[in-house]
file start05.txt (compact mmCIF, C-alpha atoms)
# COMPACT_ATOMS: atom_id res chain seq x y z
CA MET A 6 -34.88 -13.36 -35.02
CA LEU A 7 -33.98 -11.67 -31.75
CA ASP A 8 -33.01 -13.89 -28.83
CA TYR A 9 -35.04 -12.37 -26.00
CA ARG A 10 -32.98 -14.00 -23.26
CA LYS A 11 -29.65 -12.84 -24.69
CA LEU A 12 -31.05 -9.34 -25.32
CA PHE A 13 -32.45 -9.09 -21.78
CA ASP A 14 -29.23 -10.34 -20.18
CA SER A 15 -27.08 -8.06 -22.36
CA PHE A 16 -28.93 -4.95 -21.18
CA PRO A 17 -26.49 -3.13 -18.82
CA GLY A 18 -29.24 -1.84 -16.52
CA ALA A 19 -30.49 -4.02 -13.63
CA CYS A 20 -34.04 -5.19 -14.45
CA LEU A 21 -36.86 -7.29 -13.01
CA LEU A 22 -40.14 -8.25 -14.69
CA LEU A 23 -43.00 -8.28 -12.18
CA ALA A 24 -46.50 -9.71 -12.41
CA PRO A 25 -49.02 -6.82 -12.27
CA LYS A 26 -50.93 -8.46 -9.41
CA PRO A 27 -50.71 -6.96 -5.92
CA PRO A 28 -49.84 -7.62 -3.20
CA ASP A 29 -47.33 -10.29 -4.34
CA PHE A 30 -45.97 -8.64 -7.51
CA THR A 31 -44.41 -12.03 -8.31
CA ILE A 32 -40.99 -11.96 -10.00
CA LEU A 33 -41.42 -13.22 -13.59
CA ASP A 34 -37.88 -12.77 -14.85
CA VAL A 35 -34.57 -11.12 -13.98
CA ASN A 36 -31.51 -10.14 -16.00
CA ALA A 37 -27.84 -10.82 -15.27
CA ALA A 38 -27.10 -7.23 -14.21
CA TYR A 39 -29.82 -7.39 -11.53
CA LEU A 40 -28.55 -10.73 -10.22
CA GLY A 41 -25.05 -9.31 -10.05
CA ILE A 42 -25.95 -6.10 -8.24
CA THR A 43 -28.25 -7.83 -5.71
CA GLN A 44 -26.06 -10.95 -5.35
CA THR A 45 -29.04 -13.23 -5.91
CA THR A 46 -29.71 -16.15 -8.28
CA ARG A 47 -32.43 -17.06 -10.75
CA ALA A 48 -34.07 -19.00 -7.91
CA ILE A 49 -35.89 -15.75 -7.04
CA ILE A 50 -38.06 -16.15 -10.16
CA GLY A 51 -41.61 -17.17 -9.21
CA ARG A 52 -41.37 -15.75 -5.71
CA PRO A 53 -43.22 -12.69 -4.34
CA LEU A 54 -41.11 -9.54 -4.67
CA PHE A 55 -41.25 -8.53 -1.02
CA GLU A 56 -40.57 -12.05 0.20
CA VAL A 57 -37.25 -11.90 -1.65
CA PHE A 58 -36.57 -8.26 -0.73
CA PRO A 59 -38.14 -7.48 2.68
CA ASP A 60 -37.53 -4.38 4.74
CA ASN A 61 -34.54 -4.42 7.07
CA PRO A 62 -35.96 -5.30 10.53
CA GLY A 63 -32.99 -3.52 12.07
CA GLN A 64 -34.13 -0.22 10.54
CA PRO A 65 -37.24 0.83 12.51
CA ASP A 66 -38.21 3.54 10.00
CA ALA A 67 -37.62 1.37 6.90
CA SER A 68 -39.97 2.44 4.12
CA GLY A 69 -38.60 0.60 1.07
CA VAL A 70 -41.46 -1.92 0.79
CA LYS A 71 -44.09 0.77 1.42
CA ASN A 72 -42.67 3.21 -1.14
CA LEU A 73 -42.07 0.60 -3.83
CA THR A 74 -45.59 -0.80 -3.34
CA ALA A 75 -47.04 2.70 -3.74
CA SER A 76 -45.04 3.24 -6.94
CA LEU A 77 -46.18 -0.10 -8.43
CA HIS A 78 -49.81 0.76 -7.65
CA GLN A 79 -49.31 4.17 -9.27
CA VAL A 80 -48.06 2.44 -12.43
CA LEU A 81 -51.08 0.11 -12.44
CA ASN A 82 -53.58 2.91 -11.85
CA GLY A 83 -51.97 5.56 -14.02
CA ARG A 84 -50.82 3.15 -16.77
CA ALA A 85 -47.64 5.20 -17.09
CA PRO A 86 -44.00 4.92 -15.95
CA HIS A 87 -43.07 6.20 -12.50
CA GLN A 88 -39.53 7.23 -11.51
CA MET A 89 -39.06 7.08 -7.77
CA ALA A 90 -36.90 9.35 -5.68
CA ILE A 91 -33.68 7.86 -4.31
CA GLN A 92 -34.66 5.18 -1.79
CA ARG A 93 -32.86 3.48 1.04
CA TYR A 94 -33.67 -0.20 0.59
CA ASP A 95 -31.27 -2.52 2.43
CA THR A 96 -30.60 -6.02 1.08
CA LEU A 97 -29.58 -9.27 2.75
CA GLN A 98 -25.96 -10.27 2.50
CA PRO A 99 -25.76 -13.70 0.81
CA GLY A 100 -25.76 -16.62 3.23
CA THR A 101 -26.44 -14.47 6.30
CA ASP A 102 -29.32 -12.80 8.12
CA ARG A 103 -27.51 -9.46 8.07
CA PHE A 104 -28.61 -6.53 5.95
CA ARG A 105 -26.36 -4.18 4.01
CA ILE A 106 -27.15 -0.48 3.67
CA ARG A 107 -28.07 0.25 0.02
CA PHE A 108 -29.53 3.23 -1.81
CA TRP A 109 -31.31 2.94 -5.16
CA LYS A 110 -32.83 5.02 -7.92
CA PRO A 111 -35.78 2.86 -9.11
CA THR A 112 -38.06 3.24 -12.13
CA ASN A 113 -41.22 1.21 -12.80
CA ILE A 114 -42.59 0.92 -16.33
CA PRO A 115 -45.82 -0.80 -17.51
CA VAL A 116 -45.49 -3.29 -20.38
CA PHE A 117 -48.72 -3.63 -22.36
CA SER A 118 -50.28 -6.63 -24.11
CA ASP A 119 -51.85 -6.39 -27.55
CA ASP A 120 -55.28 -5.96 -25.94
CA GLY A 121 -54.09 -2.93 -23.97
CA SER A 122 -53.89 -4.63 -20.59
CA ILE A 123 -50.73 -4.47 -18.49
CA ALA A 124 -48.86 -7.72 -19.06
CA CYS A 125 -46.08 -7.00 -16.57
CA ILE A 126 -44.12 -4.22 -14.91
CA LEU A 127 -40.49 -3.57 -15.81
CA HIS A 128 -38.69 -2.63 -12.60
CA THR A 129 -35.22 -1.10 -13.14
CA VAL A 130 -32.77 0.12 -10.53
CA GLU A 131 -29.55 2.08 -10.43
CA GLU A 132 -27.52 1.71 -7.25
CA VAL A 133 -26.35 5.05 -5.86
CA THR A 134 -25.10 3.89 -2.46
CA ASP A 135 -21.57 5.24 -2.88
CA MET A 136 -22.82 8.65 -3.94
CA VAL A 137 -25.28 8.93 -1.05
CA LEU A 138 -22.84 7.73 1.59
CA LEU A 139 -20.11 10.03 0.34
CA ARG A 140 -22.48 12.99 0.38
CA ARG A 141 -23.54 12.16 3.90
CA GLY A 142 -19.94 11.80 5.02
CA LEU A 143 -20.12 8.04 5.58
CA LYS A 144 -17.66 5.55 4.17
CA ASP A 145 -18.07 1.86 3.47
CA GLN A 146 -14.68 0.26 4.10
CA SER A 147 -13.84 -3.40 3.39
CA GLN A 148 -17.56 -4.14 2.95
CA ARG A 149 -18.21 -3.32 6.64
CA GLN A 150 -20.74 -0.59 7.12
CA ILE A 151 -19.63 2.31 9.22
CA ARG A 152 -22.84 4.07 10.20
CA ASP A 153 -21.53 6.64 12.64
CA ALA A 154 -18.18 7.64 11.14
CA VAL A 155 -18.09 11.11 9.65
CA LEU A 156 -15.39 11.71 7.07
CA THR A 157 -13.22 14.61 8.11
CA THR A 158 -11.36 16.72 5.58
CA GLN A 159 -8.18 14.85 6.47
CA GLU A 160 -9.83 11.48 5.78
CA MET A 161 -11.09 12.70 2.40
CA GLU A 162 -7.57 13.83 1.50
CA ARG A 163 -6.17 10.46 2.51
CA MET A 164 -8.75 8.71 0.34
CA GLU A 165 -7.85 10.89 -2.66
CA ILE A 166 -4.12 10.26 -2.14
CA SER A 167 -4.72 6.52 -1.84
CA GLN A 168 -6.79 6.52 -5.04
CA GLU A 169 -4.18 8.54 -6.88
CA LEU A 170 -1.38 6.18 -5.82
CA HIS A 171 -3.39 3.12 -6.82
CA ASP A 172 -5.18 4.34 -9.94
CA ASN A 173 -2.39 6.40 -11.48
CA ILE A 174 1.13 5.86 -10.17
CA ASN A 175 0.65 2.13 -9.60
CA GLN A 176 -0.62 1.67 -13.17
CA ILE A 177 2.32 3.64 -14.62
CA LEU A 178 4.80 1.49 -12.71
CA PHE A 179 2.95 -1.67 -13.75
CA THR A 180 3.28 -0.68 -17.42
CA ALA A 181 6.96 0.21 -16.90
CA ARG A 182 7.55 -3.24 -15.46
CA LEU A 183 5.96 -4.82 -18.55
CA PHE A 184 8.33 -2.92 -20.85
CA LEU A 185 11.37 -3.84 -18.76
CA GLU A 186 10.34 -7.50 -18.60
CA LYS A 187 9.90 -7.56 -22.38
CA ALA A 188 13.36 -6.06 -22.81
CA LYS A 189 14.86 -8.62 -20.43
CA SER A 190 13.08 -11.62 -22.01
CA ALA A 191 14.31 -10.88 -25.55
CA GLU A 192 17.23 -12.88 -26.96
CA ARG A 193 19.23 -9.70 -26.81
CA VAL A 194 18.43 -6.62 -24.77
CA ASP A 195 15.87 -4.53 -26.65
CA ASP A 196 16.87 -0.88 -26.27
CA ALA A 197 13.46 0.38 -27.42
CA PHE A 198 11.66 -1.40 -24.59
CA LEU A 199 14.31 -0.21 -22.11
CA VAL A 200 13.82 3.38 -23.25
CA ARG A 201 10.03 3.16 -22.88
CA GLY A 202 10.35 1.54 -19.46
CA HIS A 203 12.77 4.27 -18.36
CA GLU A 204 10.37 6.96 -19.64
CA LEU A 205 7.56 5.50 -17.56
CA VAL A 206 9.67 5.34 -14.39
CA LEU A 207 10.47 9.05 -14.90
CA LYS A 208 6.77 9.70 -15.49
CA ALA A 209 5.93 7.98 -12.20
CA ILE A 210 8.48 10.17 -10.39
CA ASP A 211 6.91 13.24 -12.01
CA GLU A 212 3.43 12.13 -10.91
CA VAL A 213 4.65 11.75 -7.32
CA LYS A 214 5.95 15.34 -7.52
CA LYS A 215 2.60 16.53 -8.87
CA LEU A 216 0.79 14.74 -6.04
CA SER A 217 3.10 16.42 -3.54
CA ASN A 218 2.47 19.82 -5.16
CA ALA A 219 -1.29 19.22 -5.08
CA LEU A 220 -1.10 18.79 -1.30
CA LEU A 221 0.47 22.24 -1.18
CA ASP A 222 -2.37 23.66 -3.31
CA TYR A 223 -0.08 24.13 -6.29
CA SER A 224 -1.54 23.14 -9.66
CA PRO A 225 0.64 23.17 -12.79
CA GLU A 226 -0.95 24.00 -16.13
CA GLU A 227 -3.55 21.39 -17.04
CA LYS A 228 -2.97 19.00 -19.88
CA GLN A 229 -5.62 18.70 -22.56
CA LEU A 230 -7.77 15.61 -22.04
CA THR A 231 -7.11 14.36 -25.57
CA GLU A 232 -3.36 14.63 -25.01
CA SER A 233 -3.60 12.73 -21.73
CA LEU A 234 -5.71 10.01 -23.34
CA GLU A 235 -3.22 9.58 -26.17
CA ASP A 236 -0.36 9.36 -23.64
CA VAL A 237 -2.06 6.51 -21.79
CA LEU A 238 -3.08 4.65 -24.95
CA GLY A 239 0.28 5.21 -26.61
CA TYR A 240 2.12 3.20 -23.98
CA VAL A 241 -0.42 0.38 -24.25
CA VAL A 242 -0.14 0.29 -28.05
CA ASP A 243 3.65 0.09 -27.82
CA LEU A 244 3.37 -3.06 -25.68
CA LYS A 245 1.73 -4.81 -28.68
CA LEU A 246 -0.38 -7.04 -26.43
CA PHE A 247 -3.63 -6.51 -28.38
CA ASN A 248 -5.17 -4.39 -31.14
CA LEU A 249 -6.49 -1.09 -29.82
CA THR A 250 -9.14 1.02 -31.56
CA ARG A 251 -10.11 4.46 -30.31
CA ASN A 252 -12.79 7.00 -31.17
CA PHE A 253 -13.07 10.28 -29.28
CA GLU A 254 -15.91 12.81 -29.55
CA LEU A 255 -15.14 15.38 -26.89
CA PRO A 256 -16.74 18.71 -26.01
CA ASP A 257 -14.68 21.88 -25.97
CA GLU A 258 -11.88 21.49 -23.43
CA PRO A 259 -12.95 24.55 -21.40
CA LEU A 260 -16.19 22.72 -20.57
CA ILE A 261 -14.35 19.87 -18.87
CA GLU A 262 -13.42 20.36 -15.23
CA SER A 263 -10.01 19.20 -14.06
CA LYS A 264 -11.56 16.58 -11.76
CA ILE A 265 -13.63 15.19 -14.65
CA LYS A 266 -10.46 14.76 -16.71
CA THR A 267 -8.73 13.02 -13.81
CA THR A 268 -11.67 10.67 -13.31
CA VAL A 269 -11.74 9.68 -17.01
CA ILE A 270 -7.98 9.06 -17.15
CA ARG A 271 -7.81 7.07 -13.90
CA ILE A 272 -10.71 4.77 -14.80
CA LEU A 273 -9.22 4.23 -18.26
CA GLN A 274 -5.84 3.35 -16.68
CA GLU A 275 -7.46 0.98 -14.19
CA GLN A 276 -9.46 -0.94 -16.77
CA LEU A 277 -6.62 -1.18 -19.28
CA ALA A 278 -4.52 -2.67 -16.48
CA ASN A 279 -7.34 -5.17 -15.85
CA VAL A 280 -7.38 -6.12 -19.53
CA ILE A 281 -3.61 -6.63 -19.56
CA LYS A 282 -3.60 -8.67 -16.35
CA HIS A 283 -6.75 -10.76 -16.70
CA ALA A 284 -8.52 -10.63 -20.09
CA ASP A 285 -6.29 -12.40 -22.66
CA ALA A 286 -7.91 -10.07 -25.19
CA HIS A 287 -7.06 -9.70 -28.88
CA ASN A 288 -8.97 -6.44 -29.41
CA VAL A 289 -9.85 -3.47 -27.21
CA ILE A 290 -12.10 -0.57 -28.24
CA VAL A 291 -11.99 2.73 -26.33
CA THR A 292 -14.64 5.34 -27.17
CA ILE A 293 -15.63 8.66 -25.67
CA HIS A 294 -18.95 10.20 -26.62
CA PHE A 295 -20.47 13.50 -25.52
CA SER A 296 -24.18 14.33 -25.76
CA ASN A 297 -26.89 15.91 -23.61
CA ASN A 298 -24.28 17.35 -21.24
CA GLU A 299 -22.97 13.87 -20.42
CA LEU A 300 -19.54 12.42 -21.16
CA GLU A 301 -19.45 8.66 -21.69
CA LEU A 302 -16.29 6.56 -21.73
CA SER A 303 -16.52 2.95 -22.92
CA ILE A 304 -13.74 0.34 -22.71
CA ARG A 305 -14.69 -2.90 -24.43
CA ASP A 306 -12.53 -6.02 -24.84
CA ASP A 307 -13.05 -9.40 -26.49
CA GLY A 308 -11.21 -11.35 -23.79
CA LYS A 309 -12.26 -14.29 -21.67
CA GLY A 310 -14.73 -12.30 -19.55
CA PHE A 311 -15.87 -13.37 -16.09
CA ASP A 312 -18.92 -14.23 -13.98
CA MET A 313 -20.22 -10.94 -12.59
CA THR A 314 -21.51 -12.70 -9.46
CA ARG A 315 -17.90 -13.63 -8.64
CA VAL A 316 -16.04 -10.41 -9.34
CA ASN A 317 -12.37 -10.35 -8.39
CA ALA A 318 -11.97 -7.63 -5.76
CA GLY A 319 -8.47 -6.97 -7.10
CA MET A 320 -9.90 -5.63 -10.35
CA GLY A 321 -10.55 -2.22 -8.82
CA PHE A 322 -14.22 -1.92 -9.84
CA GLN A 323 -15.20 -0.47 -6.46
CA SER A 324 -12.51 2.19 -6.84
CA MET A 325 -13.90 3.08 -10.28
CA LYS A 326 -17.45 3.35 -8.93
CA THR A 327 -16.33 5.48 -5.99
CA ARG A 328 -14.43 7.88 -8.28
CA ALA A 329 -17.49 8.22 -10.52
CA ALA A 330 -19.88 8.69 -7.60
CA VAL A 331 -17.83 11.58 -6.21
CA MET A 332 -18.45 13.37 -9.54
CA ASP A 333 -22.18 12.45 -9.56
CA GLY A 334 -21.44 9.88 -12.27
CA ARG A 335 -21.80 6.14 -12.56
CA VAL A 336 -19.89 3.10 -13.77
CA ASP A 337 -21.65 0.12 -15.36
CA ILE A 338 -19.78 -3.15 -15.85
CA THR A 339 -20.99 -5.92 -18.15
CA SER A 340 -19.21 -9.23 -18.62
CA TYR A 341 -19.93 -12.89 -19.29
CA PRO A 342 -17.53 -15.84 -19.30
CA GLY A 343 -16.08 -16.14 -22.82
CA ASP A 344 -17.65 -12.88 -24.01
CA GLY A 345 -15.27 -10.13 -22.91
CA CYS A 346 -16.02 -7.17 -20.69
CA GLN A 347 -17.32 -3.63 -21.12
CA VAL A 348 -16.84 -0.80 -18.61
CA ARG A 349 -18.97 2.29 -19.21
CA LEU A 350 -18.41 5.54 -17.32
CA ALA A 351 -20.98 8.34 -17.52
CA LEU A 352 -20.23 11.78 -16.07
CA PRO A 353 -22.37 14.92 -16.14
CA ILE A 354 -20.63 17.94 -17.69
CA ARG A 355 -21.81 21.17 -16.13
CA PRO A 356 -21.16 24.57 -17.75
CA ARG A 357 -18.14 26.25 -16.15
call {"tool": "encode", "arguments": {"input": "start05.txt", "output": "structure tokens"}}
result
Amino acid sequence: MLDYRKLFDSFPGACLLLAPKPPDFTILDVNAAYLGITQTTRAIIGRPLFEVFPDNPGQPDASGVKNLTASLHQVLNGRAPHQMAIQRYDTLQPGTDRFRIRFWKPTNIPVFSDDGSIACILHTVEEVTDMVLLRRGLKDQSQRQIRDAVLTTQEMERMEISQELHDNINQILFTARLFLEKAKSAERVDDAFLVRGHELVLKAIDEVKKLSNALLDYSPEEKQLTESLEDVLGYVVDLKLFNLTRNFELPDEPLIESKIKTTVIRILQEQLANVIKHADAHNVIVTIHFSNNELELSIRDDGKGFDMTRVNAGMGFQSMKTRAAVMDGRVDITSYPGDGCQVRLALPIRPR
């Protein structure tokens, strides 16, 4: 028999169940993803929706409550799902009276009883703040909102260089260090680990050269995505830290833009580094699936997991989400203490 609670909490999308009774639309239940993304607790259950999530009084033209109320009424009257346009709906920062700028893509769905009446409304949201702010030329830095700063071309380049140093070169050097430490810790120096460590140091030097060339608008011949994936996974396999299973279903290479390839590789590198540093995993599964013009990367481990309401900022999840948002994609992260972690990247593939 299905465990409703476990099923609801395992769903990667952020969901609320609302009573179909205006004007309160009382919160009946909430899943873990919603609590994580809104930084709230299960104490919100039983409270009116707009008491928990009021409009930002500092935003004179705030329309989040008005628009969401209209959508919920449309669901009740039309007895059909309603997908809202992207909404600005700021949320309170935990423990303060300050609001944080947030943008959402909400959907409201009626759930029917056996007698045909609406038992509740399923309210789901996808946060698209990074994408909206990047498109508008605004940047959220160190969790402080910068409302008036417009990103210049130079600032965008600096951000890309910083990401490339952190997400690529840093991860290569981290893996090289692991090989060299393994060689050093053996009873006698292990030449195989020394060779692999040396190869990775040379690879890091080569990546620095490529980054330098990119700044001069020079692009060497692109590597195939499959080849790049196997390079990254090959080094991880050689470390023998956990069992790694992979399954790739890719579209034709000409369909994949260079920036899409880079995004996939960098997020894979970042999460594999997280698994090595934090997860204590025995098994890792990496899959890539392509359907309906969308490429999906999944990295799943069976490690110790973590509480999503207390995410370690050093794990680079914000960097992953920012990379995905720039390409109109998204990153979903699901983890529970003792139950591993899954990172899912979805990117639209447009015909070239």
call {"tool": "residues_around", "arguments": {"input": "start05.txt", "residues": "Pro115 in chain A", "least_positions_apart": "3", "cutoff": "10 Å", "atoms": "all atoms listed in the file", "output": "ChimeraX atom specification"}}
result
/A:22-23,25,77,80-81,83-87,118,122-128
call {"tool": "closest_atom_pairs", "arguments": {"input": "start05.txt", "of": "range 20-89 of chain A", "to": "range 105-108 of chain A", "cutoff": "12 Å", "atoms": "all atoms listed in the file", "output": "tab-separated table"}}
result
residue	atom	partner	partner_atom	distance
A:Ile42	CA	A:Arg107	CA	10.6
A:Thr43	CA	A:Arg107	CA	9.9
A:Gln44	CA	A:Arg105	CA	11.6
A:Phe58	CA	A:Arg105	CA	12.0
A:Asp60	CA	A:Ile106	CA	11.1
A:Asn61	CA	A:Arg105	CA	8.7
A:Pro62	CA	A:Arg105	CA	11.7
A:Gly63	CA	A:Arg105	CA	10.5
A:Gln64	CA	A:Ile106	CA	9.8
A:Ala67	CA	A:Ile106	CA	11.1
A:Gly69	CA	A:Phe108	CA	9.9
A:Met89	CA	A:Phe108	CA	11.9
call {"tool": "write_last_selection", "arguments": {"input": "start05.txt", "atoms": "C-alpha atoms", "output": "mmCIF file, keeping the file's coordinate frame"}}
result
data_model
loop_
_atom_site.group_PDB
_atom_site.id
_atom_site.type_symbol
_atom_site.label_atom_id
_atom_site.label_comp_id
_atom_site.auth_asym_id
_atom_site.auth_seq_id
_atom_site.Cartn_x
_atom_site.Cartn_y
_atom_site.Cartn_z
ATOM 1 C CA ILE A 42 -25.950 -6.100 -8.240
ATOM 2 C CA THR A 43 -28.250 -7.830 -5.710
ATOM 3 C CA GLN A 44 -26.060 -10.950 -5.350
ATOM 4 C CA PHE A 58 -36.570 -8.260 -0.730
ATOM 5 C CA ASP A 60 -37.530 -4.380 4.740
ATOM 6 C CA ASN A 61 -34.540 -4.420 7.070
ATOM 7 C CA PRO A 62 -35.960 -5.300 10.530
ATOM 8 C CA GLY A 63 -32.990 -3.520 12.070
ATOM 9 C CA GLN A 64 -34.130 -0.220 10.540
ATOM 10 C CA ALA A 67 -37.620 1.370 6.900
ATOM 11 C CA GLY A 69 -38.600 0.600 1.070
ATOM 12 C CA MET A 89 -39.060 7.080 -7.770
#
call {"tool": "atom_distance", "arguments": {"input": "start05.txt", "atom1": "CA of Ala37 in chain A", "atom2": "CA of Glu131 in chain A"}}
result
13.9 Å
call {"tool": "residues_around", "arguments": {"input": "start05.txt", "residues": "Leu300 in chain A", "least_positions_apart": "4", "cutoff": "7 Å", "atoms": "only C-alpha atoms", "output": "ChimeraX atom specification"}}
result
/A:294-296,351-354
call {"tool": "atom_distance", "arguments": {"input": "start05.txt", "atom1": "CA of Ala19 in chain A", "atom2": "CA of Leu33 in chain A"}}
result
14.3 Å
call {"tool": "atom_distance", "arguments": {"input": "start05.txt", "atom1": "CA of Gly51 in chain A", "atom2": "CA of Asp34 in chain A"}}
result
8.1 Å
call {"tool": "closest_residue", "arguments": {"input": "start05.txt", "among": "A:Glu299, A:Asp102, A:Glu56, A:Asp29", "to": "Thr74 in chain A", "atoms": "only C-alpha atoms"}}
result
A:Asp29
call {"tool": "residues_around", "arguments": {"input": "start05.txt", "residues": "range 47-50 of chain A", "least_positions_apart": "3", "cutoff": "9 Å", "atoms": "all atoms listed in the file", "output": "list in words"}}
result
Thr31, Ile32, Leu33, Asp34, Val35, Asn36, Ala37, Leu40, Pro53, Leu54 and Val57 of chain A
call {"tool": "closest_residue", "arguments": {"input": "start05.txt", "among": "A:Ala286, A:Asp307, A:Thr268, A:Asn297", "to": "Gly334 in chain A", "atoms": "all atoms listed in the file"}}
result
A:Thr268
call {"tool": "residues_near_point", "arguments": {"input": "start05.txt", "point": "(-16.3, 6.2, -23.4)", "cutoff": "9 Å", "atoms": "only C-alpha atoms", "output": "list in words"}}
result
Asn252, Phe253, Val269, Leu273, Val291, Thr292, Ile293, His294, Phe295, Leu300, Glu301, Leu302, Ser303, Ile304, Val348, Arg349, Leu350 and Ala351 of chain A
